[in-house]
$ cat coords.cif   # mmCIF, C-alpha atoms
data_input
loop_
_atom_site.label_atom_id
_atom_site.label_comp_id
_atom_site.auth_asym_id
_atom_site.auth_seq_id
_atom_site.Cartn_x
_atom_site.Cartn_y
_atom_site.Cartn_z
CA MET S 1 -31.92 32.22 49.82
CA ASP S 2 -34.35 29.93 48.02
CA PHE S 3 -36.96 27.59 49.47
CA GLU S 4 -40.41 26.20 48.85
CA VAL S 5 -43.34 27.58 50.83
CA ILE S 6 -46.59 25.87 51.74
CA ASN S 7 -49.14 28.51 52.58
CA THR S 8 -51.71 27.58 55.21
CA THR S 9 -54.79 29.63 56.09
CA THR S 10 -56.75 27.13 58.23
CA SER S 11 -55.83 24.77 61.04
CA ASP S 12 -56.81 21.84 58.79
CA GLU S 13 -54.41 22.97 56.05
CA LEU S 14 -51.67 23.48 58.62
CA LEU S 15 -51.98 19.99 60.15
CA LYS S 16 -52.16 18.41 56.67
CA ALA S 17 -49.01 20.29 55.63
CA ILE S 18 -47.18 19.05 58.74
CA ALA S 19 -48.38 15.47 58.08
CA ALA S 20 -47.30 15.60 54.43
CA ASN S 21 -43.78 16.74 55.34
CA GLN S 22 -42.85 14.20 58.02
CA ASN S 23 -40.14 12.79 55.77
CA SER S 24 -38.75 16.09 54.58
CA ASN S 25 -36.87 19.01 56.02
CA PHE S 26 -39.29 21.77 57.04
CA ARG S 27 -39.52 24.78 59.29
CA ILE S 28 -42.62 26.63 60.47
CA GLY S 29 -42.61 30.37 59.66
CA ALA S 30 -44.87 32.87 61.44
CA GLY S 31 -43.26 36.28 62.07
CA PHE S 32 -39.99 35.33 60.30
CA THR S 33 -37.97 37.86 62.35
CA ASP S 34 -35.56 35.18 63.58
CA LEU S 35 -36.14 32.67 60.79
CA ILE S 36 -35.08 34.88 57.84
CA ASN S 37 -31.75 35.64 59.52
CA GLN S 38 -31.21 31.93 60.25
CA LEU S 39 -32.12 30.89 56.70
CA LYS S 40 -29.73 33.42 55.15
CA LYS S 41 -26.86 31.59 56.88
CA GLN S 42 -27.70 28.07 55.70
CA ASN S 43 -28.34 26.08 52.58
CA THR S 44 -32.09 26.23 52.09
CA GLU S 45 -32.39 24.36 48.78
CA GLU S 46 -33.93 21.25 50.31
CA LEU S 47 -36.01 23.20 52.79
CA THR S 48 -39.76 23.72 52.89
CA ILE S 49 -41.30 26.52 54.91
CA ILE S 50 -44.79 25.95 56.25
CA ASN S 51 -46.08 29.51 56.34
CA ILE S 52 -48.57 30.23 59.12
CA ALA S 53 -48.41 34.04 58.86
CA GLN S 54 -51.76 34.02 57.07
CA LEU S 55 -53.44 31.42 59.31
CA LYS S 56 -56.85 32.75 60.33
CA ASP S 57 -57.86 30.24 63.05
CA GLU S 58 -58.78 32.15 66.22
CA ALA S 59 -57.44 29.40 68.48
CA TYR S 60 -54.00 30.30 67.11
CA THR S 61 -54.38 34.08 66.84
CA GLN S 62 -56.57 35.47 69.63
CA ILE S 63 -55.98 36.57 73.21
CA VAL S 64 -59.02 35.37 75.18
CA GLU S 65 -59.97 35.88 78.83
CA GLU S 66 -61.35 32.63 80.24
CA ALA S 67 -62.83 31.74 83.63
CA ASP S 68 -59.61 30.25 84.97
CA GLY S 69 -57.05 32.36 83.16
CA LEU S 70 -55.87 33.85 79.93
CA ARG S 71 -55.37 32.01 76.64
CA ILE S 72 -52.95 33.52 74.12
CA GLY S 73 -52.73 32.19 70.57
CA THR S 74 -49.31 31.16 69.32
CA LEU S 75 -49.64 33.76 66.53
CA ALA S 76 -50.32 36.70 68.87
CA THR S 77 -47.60 39.26 68.19
CA ALA S 78 -45.55 41.04 70.83
CA SER S 79 -47.51 44.20 69.89
CA ASP S 80 -50.83 42.38 70.46
CA ILE S 81 -49.56 41.54 73.95
CA VAL S 82 -48.26 45.09 74.63
CA ASP S 83 -51.61 46.59 73.57
CA ASN S 84 -53.75 44.20 75.64
CA ASN S 85 -55.12 46.00 78.72
CA PHE S 86 -55.98 42.81 80.62
CA ILE S 87 -52.35 41.71 80.36
CA ARG S 88 -51.09 45.17 81.32
CA GLU S 89 -53.22 45.17 84.48
CA ASN S 90 -53.00 41.53 85.57
CA TYR S 91 -49.68 40.28 84.25
CA PRO S 92 -47.24 43.24 84.21
CA VAL S 93 -44.33 40.79 83.87
CA LEU S 94 -45.59 39.72 80.45
CA HIS S 95 -46.52 43.26 79.36
CA GLN S 96 -43.06 44.55 80.27
CA ALA S 97 -41.25 41.62 78.65
CA ALA S 98 -43.15 42.11 75.37
CA SER S 99 -42.60 45.86 75.37
CA LYS S 100 -38.86 45.46 76.04
CA LEU S 101 -38.48 43.02 73.15
CA ALA S 102 -36.52 44.42 70.16
CA CYS S 103 -38.37 47.39 68.59
CA THR S 104 -41.77 48.39 67.18
CA GLN S 105 -41.18 47.00 63.70
CA ILE S 106 -40.19 43.60 65.10
CA ARG S 107 -42.86 43.55 67.83
CA ASN S 108 -45.48 44.11 65.10
CA VAL S 109 -44.68 40.76 63.49
CA ALA S 110 -42.75 38.63 66.01
CA THR S 111 -45.04 35.99 67.51
CA LEU S 112 -45.35 34.42 70.94
CA GLY S 113 -44.98 30.90 69.52
CA GLY S 114 -41.84 31.95 67.68
CA ASN S 115 -40.32 33.38 70.84
CA ILE S 116 -41.01 30.10 72.67
CA CYS S 117 -39.93 27.73 69.88
CA ASN S 118 -36.74 29.63 69.14
CA VAL S 119 -35.77 28.43 72.66
CA SER S 120 -33.29 31.18 73.41
CA PRO S 121 -32.16 31.47 77.05
CA SER S 122 -32.74 35.21 76.61
CA GLY S 123 -36.23 34.96 75.07
CA ASP S 124 -38.09 37.80 76.80
CA MET S 125 -41.70 36.71 76.45
CA THR S 126 -40.73 33.10 77.20
CA ALA S 127 -38.97 34.12 80.43
CA SER S 128 -42.01 36.08 81.61
CA LEU S 129 -44.33 33.17 80.82
CA ILE S 130 -42.15 30.79 82.82
CA ALA S 131 -42.52 33.12 85.83
CA LEU S 132 -46.30 33.06 85.19
CA LYS S 133 -46.38 29.23 85.21
CA ALA S 134 -47.81 29.16 81.69
CA THR S 135 -48.91 25.94 80.01
CA CYS S 136 -48.37 25.14 76.30
CA HIS S 137 -51.26 23.56 74.42
CA ILE S 138 -49.87 21.45 71.63
CA VAL S 139 -51.61 19.72 68.73
CA ASP S 140 -50.24 17.06 66.41
CA CYS S 141 -51.03 16.31 62.79
CA ASN S 142 -53.16 13.28 63.72
CA GLY S 143 -55.52 15.43 65.78
CA GLY S 144 -53.96 14.57 69.15
CA GLU S 145 -53.63 17.26 71.80
CA ARG S 146 -51.48 17.58 74.90
CA ALA S 147 -50.67 20.23 77.47
CA GLU S 148 -47.33 20.76 79.19
CA LEU S 149 -45.96 23.37 81.57
CA LEU S 150 -43.71 25.73 79.59
CA SER S 151 -40.89 25.17 82.09
CA ASP S 152 -41.06 21.41 81.34
CA PHE S 153 -41.51 21.99 77.59
CA ILE S 154 -38.02 23.54 77.34
CA ILE S 155 -35.50 20.82 78.12
CA GLY S 156 -32.16 22.26 77.06
CA LEU S 157 -30.31 24.74 74.90
CA LYS S 158 -32.39 24.99 71.71
CA LYS S 159 -34.28 21.86 72.80
CA THR S 160 -37.96 21.37 73.55
CA THR S 161 -40.24 18.35 73.85
CA LEU S 162 -41.99 19.39 70.61
CA LYS S 163 -42.07 16.50 68.13
CA LYS S 164 -41.79 16.90 64.39
CA ASN S 165 -45.52 16.26 63.95
CA GLU S 166 -46.58 18.84 66.55
CA ILE S 167 -47.16 22.58 66.84
CA ILE S 168 -48.05 24.87 69.75
CA LYS S 169 -51.62 26.12 69.28
CA ASN S 170 -51.81 28.46 72.25
CA ILE S 171 -50.66 28.97 75.82
CA THR S 172 -52.65 29.55 79.00
CA ILE S 173 -51.74 31.53 82.10
CA PRO S 174 -53.53 30.83 85.40
CA MET S 175 -55.79 33.59 86.74
CA ASN S 176 -54.36 35.61 89.62
CA ASP S 177 -55.83 34.62 93.00
CA HIS S 178 -55.30 38.15 94.31
CA HIS S 179 -55.16 41.64 92.83
CA ASN S 180 -52.33 42.47 95.19
CA ILE S 181 -49.27 41.67 93.05
CA ILE S 182 -45.63 42.55 92.59
CA SER S 183 -44.91 41.74 88.98
CA GLY S 184 -42.31 42.93 86.51
CA TYR S 185 -39.60 42.06 84.04
CA GLU S 186 -36.12 43.44 84.53
CA LYS S 187 -33.87 43.30 81.49
CA VAL S 188 -30.25 44.36 81.48
CA GLY S 189 -28.37 44.94 78.25
CA SER S 190 -25.82 47.36 76.90
CA ARG S 191 -28.60 49.54 75.50
CA LYS S 192 -32.35 49.81 76.05
CA SER S 193 -33.57 48.98 72.57
CA MET S 194 -32.89 46.22 70.06
CA GLU S 195 -31.07 44.36 72.78
CA ILE S 196 -30.75 40.72 73.64
CA ALA S 197 -30.72 40.41 77.41
CA ILE S 198 -27.38 39.97 79.18
CA VAL S 199 -29.46 39.01 82.20
CA SER S 200 -33.19 39.17 82.75
CA LEU S 201 -35.41 38.47 85.72
CA GLY S 202 -39.15 37.82 85.52
CA TYR S 203 -41.19 37.88 88.72
CA HIS S 204 -44.87 37.57 89.54
CA ILE S 205 -45.69 37.49 93.24
CA GLN S 206 -49.21 37.46 94.66
CA MET S 207 -50.23 38.55 98.14
CA ASN S 208 -53.54 38.34 99.99
CA ASN S 209 -55.04 41.48 101.54
CA ASP S 210 -52.94 41.03 104.68
CA GLY S 211 -49.75 41.11 102.60
CA THR S 212 -48.98 37.40 103.02
CA ILE S 213 -47.32 35.96 99.92
CA THR S 214 -49.58 33.22 98.56
CA ASP S 215 -47.98 32.51 95.20
CA ALA S 216 -44.65 33.32 93.57
CA GLY S 217 -43.06 32.79 90.17
CA VAL S 218 -39.49 33.82 89.36
CA SER S 219 -37.52 33.07 86.20
CA CYS S 220 -34.00 34.02 85.16
CA GLY S 221 -33.02 34.66 81.55
CA ALA S 222 -29.61 34.40 79.85
CA VAL S 223 -27.86 32.81 82.84
CA ALA S 224 -28.30 29.10 82.01
CA PRO S 225 -28.89 26.83 78.98
CA THR S 226 -32.63 27.06 79.65
CA ILE S 227 -34.70 29.73 81.43
CA PRO S 228 -34.94 28.25 84.92
CA PHE S 229 -37.94 28.66 87.22
CA ALA S 230 -36.35 29.47 90.58
CA THR S 231 -38.42 27.05 92.67
CA SER S 232 -36.49 27.32 95.95
CA ALA S 233 -36.50 31.14 95.79
CA CYS S 234 -40.27 31.05 95.26
CA ASP S 235 -40.82 28.53 98.07
CA PHE S 236 -38.75 30.74 100.38
CA LEU S 237 -41.24 33.59 99.85
CA LEU S 238 -44.45 31.63 100.39
CA GLY S 239 -46.26 32.47 103.62
CA LYS S 240 -44.02 35.45 104.39
CA ASP S 241 -45.49 38.91 104.96
CA ILE S 242 -44.28 41.27 102.23
CA GLN S 243 -44.01 44.18 104.68
CA ASP S 244 -41.88 42.16 107.09
CA LEU S 245 -39.22 41.14 104.59
CA THR S 246 -35.85 42.11 106.09
CA GLU S 247 -32.65 42.93 104.21
CA ALA S 248 -31.41 39.48 105.25
CA ASP S 249 -34.53 37.89 103.74
CA LYS S 250 -33.99 39.75 100.46
CA GLU S 251 -30.38 38.61 100.40
CA GLU S 252 -31.38 35.01 101.10
CA PHE S 253 -33.99 35.23 98.32
CA ALA S 254 -31.29 36.53 95.92
CA ASN S 255 -28.93 33.74 96.97
CA LYS S 256 -31.64 31.19 96.24
CA VAL S 257 -32.21 32.70 92.77
CA MET S 258 -28.46 32.39 92.20
CA GLU S 259 -28.68 28.59 92.69
CA TYR S 260 -30.23 28.50 89.20
CA ALA S 261 -27.55 30.60 87.50
CA SER S 262 -24.76 28.86 85.59
CA PRO S 263 -23.92 31.57 83.04
CA ILE S 264 -21.22 31.47 80.41
CA SER S 265 -18.87 34.24 79.33
CA ASP S 266 -19.54 35.35 75.78
CA VAL S 267 -19.25 38.45 73.60
CA ARG S 268 -22.10 40.14 75.42
CA ALA S 269 -20.99 39.68 79.03
CA SER S 270 -18.75 37.68 81.33
CA GLU S 271 -19.91 34.97 83.70
CA TRP S 272 -18.91 37.13 86.68
CA TYR S 273 -20.86 40.15 85.44
CA ARG S 274 -23.98 38.12 84.76
CA LYS S 275 -23.92 36.68 88.30
CA GLU S 276 -23.41 40.12 89.86
CA VAL S 277 -26.29 41.58 87.86
CA LEU S 278 -28.66 38.71 88.66
CA PHE S 279 -27.90 38.91 92.36
CA ASN S 280 -28.45 42.66 92.46
CA LEU S 281 -31.66 42.51 90.40
CA SER S 282 -33.05 39.77 92.65
CA GLN S 283 -32.44 41.85 95.77
CA THR S 284 -34.05 44.98 94.42
CA ILE S 285 -37.43 43.71 93.24
CA PHE S 286 -38.95 44.23 96.69
CA SER S 287 -37.74 47.79 97.16
CA MET G 1 -44.00 30.94 41.76
CA MET G 2 -46.93 32.19 43.83
CA GLN G 3 -49.52 34.77 42.86
CA ILE G 4 -50.23 37.61 45.27
CA THR G 5 -52.70 40.48 45.10
CA PHE G 6 -52.21 43.49 47.33
CA LYS G 7 -52.48 47.26 47.45
CA ILE G 8 -49.37 49.39 47.24
CA ASN G 9 -49.62 53.14 47.76
CA GLY G 10 -53.33 53.00 46.97
CA GLU G 11 -53.03 50.92 43.82
CA SER G 12 -54.17 47.29 43.66
CA ILE G 13 -51.73 44.98 41.88
CA THR G 14 -51.22 41.28 41.21
CA GLN G 15 -47.71 39.81 40.94
CA GLU G 16 -46.12 36.40 40.41
CA VAL G 17 -43.31 36.06 42.97
CA LYS G 18 -40.83 33.45 44.12
CA PRO G 19 -41.89 32.12 47.55
CA ALA G 20 -38.59 33.17 49.16
CA LEU G 21 -38.71 36.74 47.81
CA LEU G 22 -38.37 39.37 50.53
CA LEU G 23 -40.74 42.33 50.61
CA ILE G 24 -37.86 44.81 50.28
CA ASP G 25 -36.77 43.14 47.01
CA LEU G 26 -40.34 43.15 45.70
CA ILE G 27 -40.61 46.87 46.46
CA ARG G 28 -37.19 47.96 45.18
CA ASP G 29 -36.39 45.53 42.35
CA HIS G 30 -39.79 44.49 40.98
CA LEU G 31 -41.80 47.66 41.59
CA LYS G 32 -38.79 49.99 41.21
CA LEU G 33 -39.72 52.01 44.28
CA LYS G 34 -36.23 52.92 45.49
CA GLY G 35 -37.25 55.12 48.43
CA THR G 36 -37.27 52.10 50.77
CA LYS G 37 -33.62 51.68 51.79
CA PRO G 38 -31.63 48.48 52.32
CA GLY G 39 -29.48 49.05 55.41
CA CYS G 40 -28.37 46.20 57.65
CA LEU G 41 -30.78 43.69 56.07
CA GLU G 42 -31.14 41.89 59.38
CA GLY G 43 -33.78 43.88 61.23
CA GLU G 44 -31.50 46.14 63.26
CA CYS G 45 -31.54 49.51 61.49
CA GLY G 46 -35.10 50.18 60.33
CA ALA G 47 -34.05 51.88 57.06
CA CYS G 48 -36.33 49.48 55.15
CA SER G 49 -39.43 50.24 57.25
CA VAL G 50 -42.73 50.30 55.38
CA ILE G 51 -46.33 50.28 56.61
CA VAL G 52 -48.38 47.08 56.20
CA ASP G 53 -52.04 47.34 57.24
CA GLY G 54 -51.23 50.35 59.41
CA GLU G 55 -48.22 48.84 61.20
CA ALA G 56 -44.57 49.69 60.59
CA ILE G 57 -42.54 46.58 59.75
CA ASN G 58 -39.02 45.81 58.51
CA SER G 59 -39.40 44.87 54.84
CA CYS G 60 -36.04 43.02 54.91
CA MET G 61 -37.49 40.35 57.24
CA TYR G 62 -40.91 39.96 55.68
CA LEU G 63 -41.80 37.51 52.93
CA ALA G 64 -43.38 39.21 49.93
CA ILE G 65 -46.07 36.50 49.77
CA ASN G 66 -47.32 37.60 53.19
CA VAL G 67 -48.58 40.96 51.87
CA ASN G 68 -51.24 39.04 49.94
CA GLY G 69 -54.59 40.74 50.64
CA LYS G 70 -52.92 43.56 52.57
CA GLU G 71 -52.21 47.24 52.04
CA VAL G 72 -48.58 48.38 51.80
CA ILE G 73 -47.49 52.02 52.02
CA THR G 74 -43.95 53.09 51.17
CA ILE G 75 -42.38 56.54 51.36
CA GLU G 76 -43.53 57.14 47.77
CA GLY G 77 -47.13 56.70 48.92
CA LEU G 78 -47.16 59.61 51.34
CA GLY G 79 -47.33 62.56 48.96
CA ASP G 80 -49.36 63.48 45.90
CA HIS G 81 -49.36 66.38 43.41
CA GLU G 82 -51.43 68.65 45.62
CA ASN G 83 -49.62 67.83 48.88
CA PRO G 84 -46.16 66.65 47.90
CA LEU G 85 -45.08 66.15 51.51
CA ASP G 86 -46.88 64.44 54.37
CA ASN G 87 -47.01 66.30 57.70
CA VAL G 88 -44.28 63.99 59.09
CA GLN G 89 -41.98 64.87 56.17
CA GLU G 90 -42.69 68.59 56.58
CA LYS G 91 -41.71 68.42 60.24
CA MET G 92 -38.48 66.60 59.32
CA VAL G 93 -37.65 69.46 56.94
CA GLU G 94 -38.62 72.20 59.42
CA HIS G 95 -36.52 70.70 62.22
CA GLY G 96 -33.49 69.82 60.11
CA GLY G 97 -33.92 66.10 60.82
CA VAL G 98 -32.20 65.04 57.59
CA GLN G 99 -28.47 64.88 56.94
CA CYS G 100 -27.32 62.13 54.57
CA GLY G 101 -30.96 61.04 54.30
CA PHE G 102 -30.44 57.28 54.13
CA CYS G 103 -32.38 56.57 57.33
CA THR G 104 -35.03 59.21 56.61
CA PRO G 105 -37.64 57.10 54.74
CA GLY G 106 -37.57 54.54 57.57
CA MET G 107 -37.80 57.24 60.24
CA VAL G 108 -40.72 58.86 58.40
CA MET G 109 -42.64 55.62 57.88
CA THR G 110 -42.22 54.54 61.52
CA THR G 111 -43.32 57.98 62.72
CA LYS G 112 -46.23 58.01 60.27
CA ALA G 113 -47.54 54.64 61.51
CA TYR G 114 -47.08 55.60 65.17
CA SER G 115 -48.67 59.06 64.83
CA ASP G 116 -51.66 57.67 62.92
CA LYS G 117 -52.17 55.14 65.72
CA CYS G 118 -51.90 57.84 68.40
CA LYS G 119 -54.36 60.09 66.53
CA LYS G 120 -56.84 57.23 66.24
CA LYS G 121 -56.65 56.70 70.00
CA GLY G 122 -56.67 60.47 70.69
CA ILE G 123 -53.32 60.28 72.49
CA THR G 124 -50.48 62.83 72.46
CA PRO G 125 -47.36 60.84 73.33
CA THR G 126 -44.68 62.13 75.69
CA ARG G 127 -41.15 62.81 74.39
CA GLU G 128 -40.05 59.52 75.99
CA GLU G 129 -42.80 57.66 74.14
CA VAL G 130 -41.82 59.35 70.88
CA LYS G 131 -38.22 58.23 71.49
CA LYS G 132 -39.36 54.67 72.18
CA SER G 133 -41.42 54.68 68.97
CA LEU G 134 -38.18 55.28 67.05
CA GLU G 135 -36.09 52.69 68.91
CA GLY G 136 -35.92 50.49 65.82
CA ASN G 137 -34.45 53.16 63.54
CA LEU G 138 -30.74 53.95 63.48
CA CYS G 139 -29.23 57.22 62.26
CA ARG G 140 -25.47 57.66 62.02
CA CYS G 141 -25.46 61.41 61.20
CA THR G 142 -27.82 63.50 63.26
CA GLY G 143 -27.40 62.34 66.84
CA TYR G 144 -31.21 61.90 66.88
CA ALA G 145 -32.13 65.15 68.68
CA LYS G 146 -33.54 66.85 65.59
CA ILE G 147 -35.33 63.71 64.39
CA ILE G 148 -37.01 63.37 67.77
CA ASP G 149 -37.88 67.11 67.71
CA ALA G 150 -39.47 66.58 64.29
CA ALA G 151 -41.36 63.43 65.39
CA GLU G 152 -42.64 65.26 68.47
CA ALA G 153 -43.75 68.26 66.38
CA VAL G 154 -46.07 65.99 64.39
CA TYR G 155 -48.47 66.20 67.37
CA GLU G 156 -48.60 70.02 67.43
CA ASN G 157 -52.00 71.59 66.62
#
$ encode --input "coords.cif" --output "structure tokens"
Amino acid sequence: MDFEVINTTTSDELLKAIAANQNSNFRIGAGFTDLINQLKKQNTEELTIINIAQLKDEAYTQIVEEADGLRIGTLATASDIVDNNFIRENYPVLHQAASKLACTQIRNVATLGGNICNVSPSGDMTASLIALKATCHIVDCNGGERAELLSDFIIGLKKTTLKKNEIIKNITIPMNDHHNIISGYEKVGSRKSMEIAIVSLGYHIQMNNDGTITDAGVSCGAVAPTIPFATSACDFLLGKDIQDLTEADKEEFANKVMEYASPISDVRASEWYRKEVLFNLSQTIFS
Amino acid sequence: MMQITFKINGESITQEVKPALLLIDLIRDHLKLKGTKPGCLEGECGACSVIVDGEAINSCMYLAINVNGKEVITIEGLGDHENPLDNVQEKMVEHGGVQCGFCTPGMVMTTKAYSDKCKKKGITPTREEVKKSLEGNLCRCTGYAKIIDAAEAVYEN
């Protein structure tokens, strides 16, 4: 493994490095926990790594509570997210997803932006952020900025709308309208730790004080080329009273989640097993 | 080549390294500190765990250049002449947590980082939390029970 590295410590240096490499082969490196393993398997002689592990810009590194939600820098690590009390209390789906990701040593360096841009259908933090209707804030090397819903940002297997001259600066999550929430991240694998999900389900459901569901976000991991947001399952819940949900309602909800599942059979699980697990997980989140 | 300055086991050093050099190779081959073990070399086994700025990390998936300005502690950095073993190591000995010993430096460094963090916060973790803290370290000899006993005993007194 041999490659050139451009070290960047400020946002200005980063954008200049991206601009200077538009005609060459480069990758961005932050936590390197996926990248090193990928680079070991390929010819890296013509490759440049733009290293952002030492970038100090707070817009890229900090987790900040804002009036209308939470902003998380692309360089926040999974451990930063696990240790954040505001996330633990208000967005359990994200807290659980980050804490179920790999192991301590990897969580200490693996970044949010890396989890998103690696575009794995089983990306844990990404799946939870899709359920939370997160928005990506993207900058380009000419100073342009744009924002896009994370669920629109991912367009296929290993494909995003990110252009070669762009990088994700941070993501935002809308503030909860109500404190009354059912929120969590279910991850099924063959063991609890160091596991890539066979199936995962992220859910974040808000109720008003009467128990009426006012907002719902559900995402399914590792059952499709992307991590789908289960719109029809969410719409089905809106306006319903959480206490009045019948077994038939829960089954219908699970069936609607299943509309988004088109899993493959691979070494980790069969298509049949993945569908069974997703259906069962979807039914049990209300119990 | 890139120049990096960092602290290792209390000593400040400056090195010229290739940009693609991994931290584990810097530690073992350049600095000749062989206590950090190369296991799977893909972030699964934790044998290469070292502490960087207080956090346990896998040195096989960490670029050496990224320790610039930071403090690295390896298993060699835990003891000195007066106290040859750290408390974590003493507990491993007392509880028989070592068989072949290959995973031991990684287990010790992970436990050291976690217990220092818990002490700072004034927390005594539950046995389940101690187990979770070691989820990134594989052992093929002991069956884990004695390692977990040892890691739990670190919080006694």
$ residues_around --input "coords.cif" --residues "Lys112 of chain G" --least-positions-apart "6" --cutoff "10 Å" --atoms "all atoms listed in the file" --output "list in words"
Val50, Ile51, Gly54, Glu55, Ala56, Ile75, Leu78, Asp86, Asn87, Val88, Gln89, Gly106, Cys118, Ala151 and Val154 of chain G
$ residues_around --input "coords.cif" --residues "segment 63-80 of chain S" --least-positions-apart "5" --cutoff "8 Å" --atoms "only C-alpha atoms" --output "PyMOL selection string"
chain S and resi 30+53+58+98-99+101+104+107-114+168-176
$ residues_around --input "coords.cif" --residues "segment 130-138 of chain S" --least-positions-apart "3" --cutoff "6 Å" --atoms "only C-alpha atoms" --output "PDB file with C-alpha atoms, keeping the file's coordinate frame"
ATOM      1  CA  ALA S 127     -38.970  34.120  80.430  1.00  0.00           C
ATOM      2  CA  GLU S 145     -53.630  17.260  71.800  1.00  0.00           C
ATOM      3  CA  ARG S 146     -51.480  17.580  74.900  1.00  0.00           C
ATOM      4  CA  ALA S 147     -50.670  20.230  77.470  1.00  0.00           C
ATOM      5  CA  GLU S 148     -47.330  20.760  79.190  1.00  0.00           C
ATOM      6  CA  LEU S 149     -45.960  23.370  81.570  1.00  0.00           C
ATOM      7  CA  LEU S 150     -43.710  25.730  79.590  1.00  0.00           C
ATOM      8  CA  SER S 151     -40.890  25.170  82.090  1.00  0.00           C
ATOM      9  CA  ILE S 167     -47.160  22.580  66.840  1.00  0.00           C
ATOM     10  CA  ILE S 168     -48.050  24.870  69.750  1.00  0.00           C
ATOM     11  CA  LYS S 169     -51.620  26.120  69.280  1.00  0.00           C
ATOM     12  CA  ASN S 170     -51.810  28.460  72.250  1.00  0.00           C
ATOM     13  CA  ILE S 171     -50.660  28.970  75.820  1.00  0.00           C
ATOM     14  CA  THR S 172     -52.650  29.550  79.000  1.00  0.00           C
ATOM     15  CA  ILE S 173     -51.740  31.530  82.100  1.00  0.00           C
ATOM     16  CA  GLY S 202     -39.150  37.820  85.520  1.00  0.00           C
ATOM     17  CA  TYR S 203     -41.190  37.880  88.720  1.00  0.00           C
ATOM     18  CA  GLY S 217     -43.060  32.790  90.170  1.00  0.00           C
ATOM     19  CA  VAL S 218     -39.490  33.820  89.360  1.00  0.00           C
ATOM     20  CA  SER S 219     -37.520  33.070  86.200  1.00  0.00           C
TER      21      SER S 219
END
$ resolve_selection --input "coords.cif" --expression "the PyMOL selection byres ((chain G) within 8 of (chain S))" --output "list of chain:residue names"
G:Pro19, G:Ala20, G:Glu42, G:Gly43, G:Glu44, G:Gly46, G:Ser49, G:Glu55, G:Ala56, G:Ile57, G:Asn58, G:Met61, G:Tyr62, G:Leu63, G:Asn66, G:Thr110, G:Ser133, G:Leu134, G:Glu135, G:Gly136
$ atom_distance --input "coords.cif" --atom1 "atom CA of Gln62 of chain S" --atom2 "atom CA of Gly144 of chain S"
21.1 Å
$ closest_residue --input "coords.cif" --among "G:Met109, G:Ile24, G:Cys103, G:Ser115" --to "Cys139 of chain G" --atoms "all atoms listed in the file"
G:Cys103
$ residues_around --input "coords.cif" --residues "segment 269-282 of chain S" --least-positions-apart "4" --cutoff "10 Å" --atoms "all atoms listed in the file" --output "ChimeraX atom specification"
/S:186-190,197-203,218,220-223,233,250-258,261-265,286
$ resolve_selection --input "coords.cif" --expression "the PyMOL selection byres ((chain S and resi 159-165) around 7)" --output "ChimeraX atom specification"
/S:18-19,22,119,140-141,153-158,166
$ resolve_selection --input "coords.cif" --expression "the PyMOL selection byres ((chain G and resi 28) around 12)" --output "mmCIF file with C-alpha atoms, keeping the file's coordinate frame"
data_model
loop_
_atom_site.group_PDB
_atom_site.id
_atom_site.type_symbol
_atom_site.label_atom_id
_atom_site.label_comp_id
_atom_site.auth_asym_id
_atom_site.auth_seq_id
_atom_site.Cartn_x
_atom_site.Cartn_y
_atom_site.Cartn_z
ATOM 1 C CA LEU G 21 -38.710 36.740 47.810
ATOM 2 C CA LEU G 22 -38.370 39.370 50.530
ATOM 3 C CA LEU G 23 -40.740 42.330 50.610
ATOM 4 C CA ILE G 24 -37.860 44.810 50.280
ATOM 5 C CA ASP G 25 -36.770 43.140 47.010
ATOM 6 C CA LEU G 26 -40.340 43.150 45.700
ATOM 7 C CA ILE G 27 -40.610 46.870 46.460
ATOM 8 C CA ASP G 29 -36.390 45.530 42.350
ATOM 9 C CA HIS G 30 -39.790 44.490 40.980
ATOM 10 C CA LEU G 31 -41.800 47.660 41.590
ATOM 11 C CA LYS G 32 -38.790 49.990 41.210
ATOM 12 C CA LEU G 33 -39.720 52.010 44.280
ATOM 13 C CA LYS G 34 -36.230 52.920 45.490
ATOM 14 C CA GLY G 35 -37.250 55.120 48.430
ATOM 15 C CA THR G 36 -37.270 52.100 50.770
ATOM 16 C CA LYS G 37 -33.620 51.680 51.790
ATOM 17 C CA PRO G 38 -31.630 48.480 52.320
ATOM 18 C CA CYS G 48 -36.330 49.480 55.150
ATOM 19 C CA VAL G 50 -42.730 50.300 55.380
ATOM 20 C CA SER G 59 -39.400 44.870 54.840
ATOM 21 C CA CYS G 60 -36.040 43.020 54.910
ATOM 22 C CA ALA G 64 -43.380 39.210 49.930
ATOM 23 C CA THR G 74 -43.950 53.090 51.170
ATOM 24 C CA ILE G 75 -42.380 56.540 51.360
ATOM 25 C CA GLU G 76 -43.530 57.140 47.770
#
$ atom_distance --input "coords.cif" --atom1 "atom CA of Thr10 of chain S" --atom2 "atom CA of Leu39 of chain S"
25.0 Å
$ atom_distance --input "coords.cif" --atom1 "atom CA of Gly211 of chain S" --atom2 "atom CA of Leu94 of chain S"
22.6 Å
